[in-house]
Amino acid sequence: MIKAFVVEQERLRQIDDFHQRPEEVVWLDLLSPTKDEEIAVENLLAVGVPTREEMEEIEISSRLYVEDGNYFMTATLPAHAEGDERVMAPVTFVLANNRLITIRYHEPRAFQTFPMRAEKVSTGCIDGETILVGLLEAVVDRLADIIEGAGRGIDEISVNIFQSREKHAASRDRDFKKMLQQIGRKEELTSNLRDSLASLQRLSGFLGHAASTDKSSKDVRARIKTLSRDVQSLADHLSFLQQKITFLLDATLGMISIEQAGIIKIFSVAAVVFLPPTLVASNYGMNFDVMPELHWLLGYPFAIGMMFLSGLVPYLYFKRRGWL
């Protein structure tokens, strides 16, 4: 599918068929393009459209390059990132003859919100370069929202770890298992976001160099520099979140160890408490003919009392020492 946009009074407006007004088109957005659509765009702008396999290359030279005076830039962007499940895929931006071409195979939120906003209000979109900068700013804003949501989720996990209200061991075990799963999902999310920010850092640096080379307007260069600083600040905040995730993982594993140690302590204390009564019962269970208490009327209550007291004394001692 191809979405074509023209500029009218510094506002974007989508048109139905870019063949009708080819000279006025400033942005062509290719979403999962077919081979015929790629050929149509290549014939219109005389620019080779990268294939999906080329977009997925991880080498910087394959993601950021200049060809025949046209700038090709690829970044990894998230989509469907409201929860921990998201789609990470590359998006290619091509600046060719003051026009912007985007090639993508998924639906990042910025590609929906930015055209709607640029159609309603004037955002300074006059050519492909200004549209690209505005689109990248929307992408960074979206990443900031995702990182902020991830931070809130990490704070909730922290509260659940250190302020657990469960009293039953079985319930706590289930909670710890759930927490480990949540921590794992948050770690995967932040790792993917870090990869995305790293690709945007390289892209913004490359775009800034291109703007300086082509002597773009001062406003555009300033916006690109601000964009680069925003990406760096988000990367720093994401590093903090990753450190916090590592701390929460260690804390959760420590809590599990404490729970296991508590269970072992209970069994150890129980074994010590029941050891003296077992000794008394074993003594009176021996089959000797001559036992003073054997024919005594109070022999049985005496043995029961001895077993009770021998178990109660260690229990009270452990309780007083704070071991229970």
# chains A, B, ... in the order shown; residues from 1 in each chain; ligands from 1
call {"tool": "residues_around", "arguments": {"residues": "A:Leu249", "least_positions_apart": "4", "cutoff": "12 Å", "atoms": "only C-alpha atoms", "output": "count of residues only"}}
result
23
call {"tool": "residues_around", "arguments": {"residues": "A:Val313", "least_positions_apart": "6", "cutoff": "10 Å", "atoms": "only C-alpha atoms", "output": "ChimeraX atom specification"}}
result
/A:273,276,319
call {"tool": "closest_atom_pairs", "arguments": {"of": "stretch 64-127 of chain A", "to": "stretch 18-26 of chain A", "cutoff": "9 Å", "atoms": "only C-alpha atoms", "output": "CSV"}}
result
residue,atom,partner,partner_atom,distance
A:Asn98,CA,A:Val26,CA,7.2
A:Arg99,CA,A:Val26,CA,4.6
A:Leu100,CA,A:Val26,CA,6.1
A:Ile101,CA,A:Val26,CA,8.4
A:Ile126,CA,A:Val26,CA,8.3
A:Asp127,CA,A:Val26,CA,6.0
call {"tool": "residues_around", "arguments": {"residues": "stretch 38-44 of chain A", "least_positions_apart": "5", "cutoff": "9 Å", "atoms": "only C-alpha atoms", "output": "list in words"}}
result
His19, Pro22, Leu28, Leu30, Pro33, Val49 and Pro50 of chain A
call {"tool": "select_by_dssp", "arguments": {"residues": "stretch 37-234 of chain A", "states": "strand (DSSP E or B)", "output": "count of residues only"}}
result
30
